[in-house]
file model.cif (mmCIF, C-alpha atoms)
data_upload
loop_
_atom_site.label_atom_id
_atom_site.label_comp_id
_atom_site.auth_asym_id
_atom_site.auth_seq_id
_atom_site.Cartn_x
_atom_site.Cartn_y
_atom_site.Cartn_z
CA MET A 13 -5.04 -20.44 -18.99
CA ARG A 14 -8.31 -19.18 -17.51
CA ILE A 15 -8.63 -19.60 -13.76
CA ASN A 16 -12.09 -19.52 -12.27
CA PRO A 17 -12.22 -18.28 -8.68
CA GLY A 18 -14.78 -19.57 -6.21
CA PRO A 19 -18.12 -17.77 -6.06
CA ILE A 20 -17.30 -15.67 -2.99
CA SER A 21 -13.92 -14.67 -4.41
CA GLU A 22 -15.49 -13.84 -7.77
CA SER A 23 -18.06 -11.62 -6.11
CA LEU A 24 -15.39 -9.73 -4.16
CA ILE A 25 -13.27 -9.28 -7.30
CA GLU A 26 -16.24 -7.75 -9.12
CA ARG A 27 -16.81 -5.33 -6.24
CA ASP A 28 -13.07 -4.51 -6.24
CA LYS A 29 -13.14 -3.54 -9.93
CA LYS A 30 -15.72 -0.82 -9.23
CA VAL A 31 -13.84 0.98 -6.47
CA ILE A 32 -10.10 0.16 -6.63
CA SER A 33 -7.55 1.73 -8.99
CA SER A 34 -6.90 -0.24 -12.17
CA SER A 35 -3.16 0.53 -11.84
CA TYR A 36 -2.54 -2.35 -9.45
CA PRO A 37 -0.77 -5.20 -11.31
CA ARG A 38 -3.14 -8.02 -10.42
CA GLY A 39 -2.27 -11.56 -11.48
CA TYR A 40 -4.40 -14.59 -10.72
CA PRO A 41 -7.67 -14.22 -8.76
CA PHE A 42 -6.59 -14.96 -5.21
CA VAL A 43 -8.77 -13.31 -2.56
CA MET A 44 -7.25 -13.86 0.86
CA ASP A 45 -9.37 -14.63 3.89
CA HIS A 46 -6.81 -15.66 6.50
CA GLY A 47 -3.37 -17.15 6.93
CA LYS A 48 -1.13 -18.90 9.44
CA GLY A 49 2.59 -19.29 8.90
CA VAL A 50 3.16 -20.39 5.29
CA GLU A 51 -0.46 -21.45 4.75
CA VAL A 52 -3.21 -19.15 3.46
CA TRP A 53 -6.90 -19.65 2.71
CA ASP A 54 -9.01 -17.78 0.18
CA ALA A 55 -12.51 -16.43 0.67
CA ASP A 56 -13.97 -19.75 -0.51
CA GLY A 57 -11.97 -21.81 2.00
CA ARG A 58 -9.32 -23.13 -0.39
CA ARG A 59 -5.87 -23.74 1.14
CA TYR A 60 -2.63 -22.62 -0.50
CA LEU A 61 1.08 -22.59 0.33
CA ASP A 62 2.47 -19.08 0.05
CA PHE A 63 5.81 -18.95 -1.78
CA ALA A 64 5.45 -15.22 -2.45
CA ALA A 65 5.09 -13.92 1.14
CA GLY A 66 3.49 -10.68 -0.01
CA ILE A 67 6.57 -9.90 -2.15
CA ALA A 68 9.02 -11.07 0.53
CA VAL A 69 7.18 -9.10 3.24
CA ASN A 70 5.77 -11.73 5.59
CA SER A 71 9.16 -12.76 6.91
CA THR A 72 7.82 -14.47 10.05
CA GLY A 73 4.82 -15.94 8.24
CA HIS A 74 1.21 -14.87 8.33
CA SER A 75 -0.09 -13.60 11.67
CA HIS A 76 2.74 -14.92 13.81
CA PRO A 77 1.24 -15.04 17.32
CA GLU A 78 4.17 -13.20 18.92
CA VAL A 79 3.99 -10.42 16.34
CA VAL A 80 0.22 -10.15 16.80
CA ALA A 81 0.72 -9.96 20.58
CA ALA A 82 3.34 -7.22 20.23
CA ILE A 83 1.04 -5.15 17.99
CA THR A 84 -1.92 -5.69 20.33
CA GLU A 85 0.03 -4.69 23.41
CA GLN A 86 1.21 -1.49 21.75
CA ALA A 87 -2.27 -0.67 20.37
CA GLN A 88 -3.66 -0.81 23.89
CA LYS A 89 -1.16 1.89 24.94
CA PHE A 90 -1.30 4.27 21.95
CA ILE A 91 -1.48 3.87 18.19
CA HIS A 92 0.13 7.06 16.87
CA ILE A 93 2.34 9.92 17.87
CA SER A 94 3.89 12.09 15.17
CA SER A 95 7.62 12.49 14.68
CA ASP A 96 7.41 15.94 16.30
CA PHE A 97 7.69 14.04 19.57
CA TYR A 98 9.34 10.90 20.97
CA HIS A 99 8.43 7.36 21.91
CA GLU A 100 10.50 4.50 23.27
CA LYS A 101 9.69 1.88 20.64
CA TRP A 102 11.34 3.71 17.78
CA ILE A 103 14.40 4.39 19.90
CA GLN A 104 14.61 0.68 20.69
CA LEU A 105 14.21 -0.20 17.02
CA ALA A 106 16.91 2.22 15.91
CA GLU A 107 19.24 0.83 18.58
CA LYS A 108 18.60 -2.71 17.35
CA LEU A 109 19.12 -1.74 13.72
CA ASP A 110 22.41 -0.12 14.69
CA GLU A 111 23.38 -3.44 16.30
CA ILE A 112 22.67 -5.53 13.19
CA SER A 113 23.68 -2.93 10.59
CA PRO A 114 26.35 -3.65 7.97
CA PHE A 115 28.32 -0.64 9.20
CA HIS A 116 31.36 -0.87 11.46
CA LEU A 117 30.70 2.65 12.75
CA PRO A 118 27.51 3.81 14.51
CA ALA A 119 24.35 4.03 12.41
CA ILE A 120 21.46 6.49 12.46
CA SER A 121 17.96 5.62 11.24
CA PHE A 122 15.28 7.67 9.51
CA MET A 123 11.92 5.94 9.94
CA ALA A 124 9.57 5.80 6.95
CA ASN A 125 6.55 3.86 5.73
CA SER A 126 7.74 2.01 2.62
CA GLY A 127 10.68 1.05 0.45
CA SER A 128 10.03 3.96 -1.91
CA GLU A 129 10.17 6.40 1.01
CA ALA A 130 13.41 4.85 2.24
CA VAL A 131 14.94 5.32 -1.22
CA GLU A 132 13.67 8.89 -1.51
CA SER A 133 15.23 9.64 1.87
CA ALA A 134 18.53 8.15 0.78
CA LEU A 135 18.63 10.26 -2.37
CA LYS A 136 17.93 13.43 -0.40
CA LEU A 137 20.57 12.64 2.22
CA ALA A 138 23.18 11.86 -0.44
CA LYS A 139 22.50 15.18 -2.16
CA TYR A 140 22.66 17.10 1.10
CA TYR A 141 25.83 15.46 2.41
CA THR A 142 27.88 15.46 -0.79
CA GLU A 143 26.55 18.72 -2.25
CA ARG A 144 26.38 16.86 -5.56
CA SER A 145 23.36 16.30 -7.78
CA GLN A 146 23.97 13.22 -9.97
CA PHE A 147 23.16 9.54 -9.39
CA ILE A 148 23.97 6.24 -11.06
CA GLY A 149 21.53 3.33 -11.12
CA PHE A 150 21.46 -0.03 -12.86
CA LEU A 151 19.41 -1.42 -15.72
CA GLY A 152 16.98 -3.93 -14.29
CA GLY A 153 16.89 -2.21 -10.92
CA PHE A 154 13.63 -1.54 -9.09
CA HIS A 155 13.54 1.09 -6.36
CA GLY A 156 9.93 2.22 -6.17
CA ARG A 157 7.24 4.20 -7.96
CA THR A 158 7.45 7.66 -6.38
CA ALA A 159 9.14 10.44 -8.34
CA GLY A 160 12.76 10.01 -7.24
CA SER A 161 12.68 6.25 -6.75
CA LEU A 162 10.89 5.84 -10.09
CA SER A 163 13.68 7.76 -11.80
CA MET A 164 16.18 5.24 -10.43
CA THR A 165 13.98 2.28 -11.46
CA ALA A 166 14.82 0.65 -14.80
CA SER A 167 13.23 -2.78 -14.75
CA LYS A 168 10.04 -2.38 -16.85
CA LEU A 169 8.90 0.22 -19.37
CA ILE A 170 5.39 0.27 -17.90
CA TYR A 171 6.74 1.98 -14.78
CA HIS A 172 7.94 4.99 -16.80
CA ARG A 173 5.41 5.26 -19.63
CA SER A 174 3.31 8.46 -19.46
CA PHE A 175 5.14 9.75 -16.38
CA TYR A 176 7.89 11.83 -17.97
CA PRO A 177 9.74 14.01 -17.17
CA LEU A 178 11.32 12.07 -14.35
CA MET A 179 13.86 13.38 -11.85
CA ASN A 180 16.90 14.57 -13.78
CA GLY A 181 20.48 13.68 -12.96
CA VAL A 182 20.17 9.89 -13.26
CA THR A 183 22.43 7.70 -15.42
CA HIS A 184 21.81 3.96 -15.77
CA VAL A 185 24.51 1.38 -16.46
CA PRO A 186 24.28 -2.39 -17.09
CA PHE A 187 23.99 -4.70 -14.11
CA PRO A 188 26.52 -7.57 -14.24
CA ASN A 189 24.16 -10.43 -15.08
CA PRO A 190 26.26 -13.60 -15.39
CA TYR A 191 23.47 -15.44 -17.23
CA ARG A 192 22.67 -12.63 -19.67
CA PRO A 193 25.67 -10.28 -19.96
CA LEU A 194 24.94 -6.98 -21.74
CA LEU A 195 28.55 -5.93 -22.29
CA GLN A 196 31.26 -7.58 -24.32
CA MET A 197 33.99 -8.96 -22.07
CA ASN A 198 37.69 -8.81 -22.72
CA ALA A 199 39.87 -11.87 -22.26
CA GLY A 200 39.97 -12.90 -18.61
CA GLU A 201 37.07 -10.65 -17.63
CA ASN A 202 33.72 -11.59 -16.13
CA THR A 203 30.57 -9.49 -16.28
CA ALA A 204 31.58 -7.57 -13.15
CA ASP A 205 34.92 -6.53 -14.65
CA ALA A 206 33.20 -5.43 -17.86
CA VAL A 207 30.71 -3.21 -16.02
CA ILE A 208 33.37 -1.54 -13.87
CA ARG A 209 35.49 -0.93 -16.98
CA TYR A 210 32.46 0.53 -18.77
CA MET A 211 31.80 2.91 -15.88
CA GLU A 212 35.40 4.10 -15.81
CA GLU A 213 36.12 4.27 -19.55
CA VAL A 214 32.73 5.32 -20.91
CA VAL A 215 30.49 6.83 -18.24
CA PHE A 216 33.15 8.73 -16.28
CA HIS A 217 35.20 9.57 -19.35
CA LYS A 218 32.47 10.64 -21.80
CA LEU A 219 29.13 11.11 -20.05
CA LEU A 220 29.32 12.08 -16.40
CA PRO A 221 32.07 13.66 -14.29
CA PRO A 222 32.47 11.34 -11.26
CA THR A 223 33.07 14.36 -9.03
CA GLU A 224 29.44 15.36 -9.58
CA VAL A 225 27.97 11.97 -8.58
CA ALA A 226 26.36 11.98 -5.15
CA GLY A 227 25.57 8.27 -4.98
CA ILE A 228 25.40 4.93 -6.72
CA LEU A 229 22.14 3.14 -5.87
CA ILE A 230 22.16 -0.63 -6.23
CA GLU A 231 20.22 -3.68 -5.20
CA PRO A 232 22.98 -6.10 -4.14
CA ILE A 233 20.67 -8.74 -5.62
CA GLN A 234 18.20 -7.45 -8.17
CA GLY A 235 14.65 -8.31 -7.17
CA GLU A 236 11.95 -7.20 -9.60
CA GLY A 237 14.58 -7.31 -12.35
CA GLY A 238 14.78 -11.10 -12.13
CA TYR A 239 16.57 -12.19 -8.94
CA ILE A 240 19.94 -11.49 -10.53
CA TYR A 241 23.06 -12.27 -8.50
CA PRO A 242 26.23 -10.42 -9.52
CA PRO A 243 29.66 -12.09 -9.58
CA ASP A 244 31.36 -12.15 -6.19
CA ASN A 245 33.94 -9.52 -7.19
CA PHE A 246 31.45 -6.88 -8.34
CA LEU A 247 30.34 -5.20 -5.12
CA PRO A 248 33.91 -5.01 -3.72
CA ALA A 249 35.01 -3.40 -7.01
CA LEU A 250 32.06 -0.99 -6.90
CA ARG A 251 32.97 -0.05 -3.34
CA GLN A 252 36.51 0.75 -4.50
CA LEU A 253 35.14 2.86 -7.35
CA CYS A 254 32.97 4.85 -4.94
CA ASP A 255 35.90 5.41 -2.59
CA LYS A 256 38.08 6.57 -5.48
CA TYR A 257 35.70 9.39 -6.39
CA GLY A 258 34.05 10.19 -3.06
CA ILE A 259 30.70 8.70 -4.13
CA LEU A 260 28.25 7.27 -1.59
CA LEU A 261 27.32 3.60 -2.06
CA ILE A 262 23.59 3.20 -1.39
CA ALA A 263 22.36 -0.38 -0.94
CA ASP A 264 18.68 -0.98 -1.62
CA GLU A 265 17.95 -4.00 0.58
CA VAL A 266 14.20 -3.49 0.55
CA GLN A 267 13.62 -7.00 -0.82
CA SER A 268 16.92 -8.74 -0.08
CA GLY A 269 17.39 -7.63 3.52
CA MET A 270 16.06 -8.78 6.90
CA GLY A 271 17.49 -12.30 6.68
CA ARG A 272 15.97 -13.17 3.31
CA THR A 273 19.28 -14.50 1.94
CA GLY A 274 20.38 -16.22 5.15
CA LYS A 275 22.33 -13.18 6.36
CA TRP A 276 20.89 -9.97 7.73
CA TRP A 277 21.78 -8.14 4.53
CA ALA A 278 22.55 -9.50 1.07
CA ILE A 279 25.57 -7.22 0.86
CA ASP A 280 27.06 -9.13 3.82
CA HIS A 281 27.66 -12.07 1.47
CA TYR A 282 30.16 -9.92 -0.42
CA GLY A 283 32.06 -8.44 2.53
CA VAL A 284 31.15 -4.89 1.51
CA GLU A 285 30.05 -1.99 3.69
CA PRO A 286 27.66 0.52 2.09
CA ASP A 287 27.25 4.12 3.22
CA ILE A 288 23.44 4.13 3.23
CA LEU A 289 21.01 1.21 3.56
CA CYS A 290 17.35 1.17 2.47
CA ILE A 291 15.10 -1.25 4.39
CA ALA A 292 11.41 -2.16 4.14
CA LYS A 293 9.28 -5.20 3.16
CA GLY A 294 10.30 -7.92 5.66
CA ILE A 295 11.16 -5.62 8.56
CA ALA A 296 7.75 -5.65 10.29
CA SER A 297 6.06 -8.88 9.17
CA GLY A 298 3.54 -7.06 7.00
CA VAL A 299 2.96 -3.85 8.93
CA PRO A 300 3.96 -0.99 6.56
CA MET A 301 7.41 0.28 7.43
CA GLY A 302 10.58 1.51 5.79
CA VAL A 303 13.90 2.69 7.18
CA MET A 304 16.75 4.65 5.68
CA MET A 305 19.81 3.86 7.76
CA ALA A 306 23.15 5.57 7.26
CA LYS A 307 26.52 5.92 8.87
CA ALA A 308 26.16 8.44 11.67
CA GLU A 309 28.78 10.73 10.16
CA LEU A 310 26.51 11.31 7.14
CA MET A 311 23.46 12.43 9.12
CA THR A 312 24.37 16.12 9.21
CA TRP A 313 21.12 17.57 7.89
CA PRO A 314 19.32 20.01 10.20
CA SER A 315 15.98 19.77 11.96
CA GLY A 316 13.09 20.13 9.52
CA SER A 317 15.08 19.29 6.37
CA HIS A 318 13.33 15.92 6.10
CA GLY A 319 10.48 14.32 8.01
CA ASN A 320 7.06 12.66 7.79
CA THR A 321 3.88 12.11 9.78
CA PHE A 322 3.56 8.33 10.07
CA GLY A 323 7.19 7.16 9.95
CA GLY A 324 8.15 5.21 13.04
CA ASN A 325 4.53 4.42 13.85
CA PRO A 326 4.42 2.68 17.26
CA LEU A 327 2.55 -0.37 15.92
CA ALA A 328 5.08 -0.79 13.11
CA CYS A 329 8.00 -0.40 15.52
CA ALA A 330 6.54 -2.99 17.89
CA ALA A 331 6.06 -5.41 14.99
CA ALA A 332 9.58 -4.74 13.71
CA LEU A 333 11.21 -5.33 17.08
CA LYS A 334 9.46 -8.68 17.47
CA THR A 335 10.22 -9.58 13.84
CA ILE A 336 13.92 -8.90 14.31
CA GLU A 337 13.93 -10.96 17.52
CA LEU A 338 12.31 -13.93 15.77
CA ILE A 339 14.65 -13.73 12.78
CA GLU A 340 17.68 -13.45 15.05
CA THR A 341 16.78 -16.36 17.31
CA GLN A 342 15.14 -18.75 14.84
CA TYR A 343 14.63 -17.79 11.24
CA LEU A 344 18.03 -16.56 10.09
CA GLU A 345 19.44 -20.04 10.51
CA ASN A 346 16.25 -21.57 9.14
CA ALA A 347 16.51 -19.46 5.97
CA GLN A 348 19.99 -20.87 5.40
CA LYS A 349 18.92 -24.49 5.93
CA MET A 350 15.64 -24.35 4.04
CA GLY A 351 17.21 -22.32 1.26
CA LYS A 352 19.86 -24.97 0.73
CA ILE A 353 17.20 -27.70 0.52
CA ALA A 354 15.10 -25.66 -1.91
CA LEU A 355 18.08 -24.80 -4.11
CA GLU A 356 19.17 -28.44 -4.33
CA MET A 357 15.65 -29.58 -5.18
CA LEU A 358 15.31 -26.92 -7.87
CA GLN A 359 18.68 -27.77 -9.39
CA ASP A 360 17.62 -31.42 -9.56
CA MET A 361 14.32 -30.28 -11.08
CA GLN A 362 16.27 -28.48 -13.78
CA ASN A 363 17.42 -31.87 -15.08
CA ASP A 364 13.80 -32.93 -15.59
CA HIS A 365 12.48 -29.73 -17.12
CA PRO A 366 14.19 -28.40 -20.28
CA SER A 367 12.40 -25.07 -19.89
CA ILE A 368 14.39 -24.20 -16.76
CA GLY A 369 17.39 -22.27 -18.01
CA ASP A 370 18.89 -21.14 -14.71
CA VAL A 371 18.42 -21.60 -10.97
CA ARG A 372 20.12 -19.14 -8.64
CA GLY A 373 19.80 -18.01 -5.07
CA LYS A 374 20.98 -17.57 -1.52
CA GLY A 375 18.84 -18.42 1.47
CA LEU A 376 15.17 -18.06 0.60
CA MET A 377 15.68 -15.59 -2.25
CA ILE A 378 15.74 -17.97 -5.22
CA GLY A 379 15.06 -17.29 -8.88
CA VAL A 380 14.06 -19.89 -11.49
CA GLU A 381 14.44 -18.56 -15.04
CA PHE A 382 12.52 -20.13 -17.92
CA VAL A 383 13.78 -20.24 -21.51
CA LYS A 384 12.57 -21.52 -24.85
CA ASP A 385 15.97 -23.03 -25.53
CA ARG A 386 18.95 -23.39 -23.21
CA GLN A 387 21.41 -22.59 -25.98
CA THR A 388 19.81 -19.35 -27.15
CA LYS A 389 18.45 -18.48 -23.69
CA GLU A 390 15.42 -16.84 -25.30
CA PRO A 391 13.05 -15.92 -22.45
CA ALA A 392 9.96 -18.13 -22.22
CA VAL A 393 7.59 -15.40 -21.07
CA ASP A 394 4.32 -17.14 -21.86
CA LEU A 395 5.46 -20.41 -20.32
CA ARG A 396 6.60 -18.62 -17.13
CA ASN A 397 3.20 -16.96 -16.89
CA GLU A 398 1.42 -20.27 -17.34
CA VAL A 399 3.59 -21.90 -14.67
CA VAL A 400 2.49 -19.16 -12.24
CA ASP A 401 -1.16 -19.82 -13.13
CA GLN A 402 -0.75 -23.59 -12.92
CA CYS A 403 0.84 -23.23 -9.48
CA PHE A 404 -2.15 -21.22 -8.30
CA SER A 405 -4.62 -23.74 -9.68
CA LYS A 406 -2.76 -26.50 -7.81
CA GLY A 407 -2.53 -24.64 -4.48
CA LEU A 408 0.73 -22.65 -4.56
CA LEU A 409 1.14 -18.86 -4.62
CA THR A 410 4.13 -17.62 -6.65
CA LEU A 411 5.16 -14.38 -8.33
CA GLY A 412 7.11 -13.70 -11.49
CA CYS A 413 9.95 -11.20 -11.90
CA GLY A 414 12.22 -10.13 -14.73
CA ASP A 415 11.25 -11.29 -18.21
CA SER A 416 10.75 -14.98 -17.47
CA THR A 417 11.74 -15.75 -13.88
CA ILE A 418 9.68 -17.02 -10.94
CA ARG A 419 10.84 -16.07 -7.47
CA ILE A 420 10.81 -18.55 -4.60
CA THR A 421 10.38 -16.36 -1.51
CA PRO A 422 8.37 -18.14 1.18
CA PRO A 423 8.24 -16.87 4.76
CA LEU A 424 11.50 -17.49 6.64
CA CYS A 425 9.65 -19.77 9.08
CA ILE A 426 8.96 -22.40 6.41
CA THR A 427 9.54 -26.07 7.30
CA GLU A 428 11.20 -28.75 5.21
CA GLN A 429 7.85 -30.48 4.77
CA GLU A 430 6.34 -27.27 3.38
CA ILE A 431 9.34 -26.72 1.10
CA ARG A 432 8.96 -30.20 -0.35
CA GLU A 433 5.18 -29.94 -0.70
CA GLY A 434 5.44 -26.60 -2.45
CA LEU A 435 8.19 -27.62 -4.84
CA GLU A 436 6.33 -30.81 -5.77
CA ILE A 437 3.44 -28.59 -6.82
CA PHE A 438 5.91 -26.34 -8.64
CA SER A 439 7.34 -29.26 -10.60
CA ALA A 440 3.87 -30.51 -11.53
CA ALA A 441 2.93 -27.02 -12.71
CA ILE A 442 6.03 -26.82 -14.93
CA LYS A 443 5.28 -30.25 -16.41
CA GLU A 444 1.71 -29.17 -17.19
CA ALA A 445 2.89 -25.90 -18.79
CA GLU A 446 5.59 -27.66 -20.83
CA SER A 447 3.02 -30.12 -22.18
CA HIS A 448 1.21 -27.22 -23.82
CA LEU A 449 4.25 -26.15 -25.86
#
call {"tool": "encode", "arguments": {"input": "model.cif", "output": "structure tokens"}}
result
Amino acid sequence: MRINPGPISESLIERDKKVISSSYPRGYPFVMDHGKGVEVWDADGRRYLDFAAGIAVNSTGHSHPEVVAAITEQAQKFIHISSDFYHEKWIQLAEKLDEISPFHLPAISFMANSGSEAVESALKLAKYYTERSQFIGFLGGFHGRTAGSLSMTASKLIYHRSFYPLMNGVTHVPFPNPYRPLLQMNAGENTADAVIRYMEEVVFHKLLPPTEVAGILIEPIQGEGGYIYPPDNFLPALRQLCDKYGILLIADEVQSGMGRTGKWWAIDHYGVEPDILCIAKGIASGVPMGVMMAKAELMTWPSGSHGNTFGGNPLACAAALKTIELIETQYLENAQKMGKIALEMLQDMQNDHPSIGDVRGKGLMIGVEFVKDRQTKEPAVDLRNEVVDQCFSKGLLTLGCGDSTIRITPPLCITEQEIREGLEIFSAAIKEAESHL
């Protein structure tokens, strides 16, 4: 469907086309003017509910007054000091991250500026510590667009096209998707069992010596790949596999971390402890920041072996500390409660809309997958895209992921009233899109 923006928005979009890279994957023509909490307004004064949160970034909502105050207070002191020196805010942040980390032993943080940087840092640390060169990633995984992180990414062909050769030493295996399994399962197996068996019997037997693998990089819940949740036994089995061969387990929690699933880290739902954790997106309520956090025993690299200029920026650290405080005291519990309400409403909605093939989620990280037919499970790509557009036209911001999934990722501060208002719009958008079939 064609969506006509307001005149001010249209003018800004035309100016944008002349000076901004065409590589950005723009969707519908939303031009933001301001926001508060879950509500946003475009340049023409139209109000929307934000169920995308800047790709799960605005964890405390738009312009939370306490986050704004923390940034302002820090800006009045100093805005930047490079990592050649010290400042208290990043020490405080690292101490707090150690406190909430998924590790039982002490944790050390490397401060970065994005999820891609956090992943790049993890790959370098794994190589240095293990003195090995190979990595395993998962089909459908998204880890970033810089050279190393792009090599681990396997969610869309567009990310790789025209950018070869990528970093060598990467092998991809199927992710255990319960809704769309890629591997044939033996009697009594689930998709998790099949993937672990494939890694042992095929990858480690015919393709890649496990003793040369530095790390296995995984999103505990795949984000860009479609909000895919593995069976409960998969991550524990993967942890055992890593322990068996001395491989580091690297959890990419860039999208799923910081309370998004109702726990600090998605991997906490599975009772598994990684060796390295990659953090970004929701950590600083929209201020660019990434962190690579690892067990202290792994951080043996010497001074100068890795660094950056802007990592641990004082403004970002101030925003992150306040964000963590708000999540800890208010929004972690709220994500659990509101996520349960949203999931129940969406599951009920599935009964009314034959195009909804699957609804899955924890906390406020929920995926709704659209199909042409529930028996064949053929992805309804065009319908999904129209639902996104219909939502926008009716006042709701959403984002797609995977082949035909829409993610429900509002700010963690969302209220029940906002959940219900947004999902009513969502249902109306689906009905409108289905009527065009």
call {"tool": "residues_around", "arguments": {"input": "model.cif", "residues": "A:Glu107", "least_positions_apart": "6", "cutoff": "10 Å", "atoms": "all atoms listed in the file", "output": "ChimeraX atom specification"}}
result
/A:101,113,118-121
call {"tool": "resolve_selection", "arguments": {"input": "model.cif", "expression": "the PyMOL selection byres ((chain A and resi 154-171) around 8)", "output": "VMD selection string"}}
result
chain A and resid 127 to 129 131 to 132 135 148 to 153 172 to 173 178 to 180 182 184 229 231 234 to 237 264 414
call {"tool": "residues_around", "arguments": {"input": "model.cif", "residues": "A:Asp96", "least_positions_apart": "6", "cutoff": "10 Å", "atoms": "only C-alpha atoms", "output": "list in words"}}
result
Gly316, Gly319, Asn320 and Thr321 of chain A
call {"tool": "atom_distance", "arguments": {"input": "model.cif", "atom1": "atom CA of A:Glu143", "atom2": "atom CA of A:Ala226"}}
result
7.3 Å
call {"tool": "resolve_selection", "arguments": {"input": "model.cif", "expression": "the PyMOL selection byres ((chain A and resi 329) around 10)", "output": "mmCIF file with C-alpha atoms, keeping the file's coordinate frame"}}
result
data_model
loop_
_atom_site.group_PDB
_atom_site.id
_atom_site.type_symbol
_atom_site.label_atom_id
_atom_site.label_comp_id
_atom_site.auth_asym_id
_atom_site.auth_seq_id
_atom_site.Cartn_x
_atom_site.Cartn_y
_atom_site.Cartn_z
ATOM 1 C CA ALA A 82 3.340 -7.220 20.230
ATOM 2 C CA ILE A 83 1.040 -5.150 17.990
ATOM 3 C CA GLN A 86 1.210 -1.490 21.750
ATOM 4 C CA GLU A 100 10.500 4.500 23.270
ATOM 5 C CA LYS A 101 9.690 1.880 20.640
ATOM 6 C CA TRP A 102 11.340 3.710 17.780
ATOM 7 C CA ILE A 103 14.400 4.390 19.900
ATOM 8 C CA GLN A 104 14.610 0.680 20.690
ATOM 9 C CA LEU A 105 14.210 -0.200 17.020
ATOM 10 C CA ALA A 106 16.910 2.220 15.910
ATOM 11 C CA MET A 123 11.920 5.940 9.940
ATOM 12 C CA ILE A 295 11.160 -5.620 8.560
ATOM 13 C CA ALA A 296 7.750 -5.650 10.290
ATOM 14 C CA VAL A 299 2.960 -3.850 8.930
ATOM 15 C CA PRO A 300 3.960 -0.990 6.560
ATOM 16 C CA MET A 301 7.410 0.280 7.430
ATOM 17 C CA GLY A 323 7.190 7.160 9.950
ATOM 18 C CA GLY A 324 8.150 5.210 13.040
ATOM 19 C CA ASN A 325 4.530 4.420 13.850
ATOM 20 C CA PRO A 326 4.420 2.680 17.260
ATOM 21 C CA LEU A 327 2.550 -0.370 15.920
ATOM 22 C CA ALA A 328 5.080 -0.790 13.110
ATOM 23 C CA ALA A 330 6.540 -2.990 17.890
ATOM 24 C CA ALA A 331 6.060 -5.410 14.990
ATOM 25 C CA ALA A 332 9.580 -4.740 13.710
ATOM 26 C CA LEU A 333 11.210 -5.330 17.080
ATOM 27 C CA LYS A 334 9.460 -8.680 17.470
ATOM 28 C CA THR A 335 10.220 -9.580 13.840
#
call {"tool": "residues_around", "arguments": {"input": "model.cif", "residues": "A:Asp360", "least_positions_apart": "4", "cutoff": "12 Å", "atoms": "all atoms listed in the file", "output": "list of chain:residue names"}}
result
A:Ile353, A:Ala354, A:Leu355, A:Glu356, A:Asp364, A:His365, A:Pro366, A:Ile368, A:Asp370, A:Val371, A:Leu435, A:Glu436, A:Ser439
call {"tool": "resolve_selection", "arguments": {"input": "model.cif", "expression": "the PyMOL selection byres ((chain A and resi 189-192) around 8)", "output": "number ranges by chain"}}
result
A: 187-188, 193-194, 202-203, 240-243, 370
call {"tool": "atom_distance", "arguments": {"input": "model.cif", "atom1": "atom CA of A:Ala134", "atom2": "atom CA of A:Met304"}}
result
6.3 Å
call {"tool": "closest_residue", "arguments": {"input": "model.cif", "among": "A:Leu408, A:Ala445, A:Met270, A:Ile378", "to": "A:Glu51", "atoms": "only C-alpha atoms"}}
result
A:Leu408
call {"tool": "decode", "arguments": {"input": "model.cif", "residues": "stretch 352-375 of chain A", "atoms": "C-alpha atoms", "output": "compact mmCIF listing (two decimals), in the first residue's frame"}}
result
# COMPACT_ATOMS: atom_id res chain seq x y z
CA LYS A 352 2.18 -11.90 29.72
CA ILE A 353 -0.81 -9.69 28.87
CA ALA A 354 0.47 -9.07 25.34
CA LEU A 355 1.20 -12.74 24.72
CA GLU A 356 -2.27 -13.80 25.88
CA MET A 357 -3.93 -11.15 23.72
CA LEU A 358 -1.91 -12.19 20.67
CA GLN A 359 -2.66 -15.87 21.20
CA ASP A 360 -6.37 -15.02 21.37
CA MET A 361 -5.92 -12.91 18.24
CA GLN A 362 -4.48 -15.94 16.49
CA ASN A 363 -7.92 -17.58 16.70
CA ASP A 364 -9.45 -14.67 14.76
CA HIS A 365 -6.77 -14.29 12.11
CA PRO A 366 -5.91 -17.34 9.96
CA SER A 367 -2.79 -15.60 8.68
CA ILE A 368 -1.11 -15.79 12.09
CA GLY A 369 0.86 -19.01 12.04
CA ASP A 370 2.77 -18.69 15.30
CA VAL A 371 3.01 -16.44 18.35
CA ARG A 372 6.05 -16.78 20.59
CA GLY A 373 7.82 -14.73 23.20
CA LYS A 374 9.07 -14.00 26.68
CA GLY A 375 8.60 -10.66 28.38
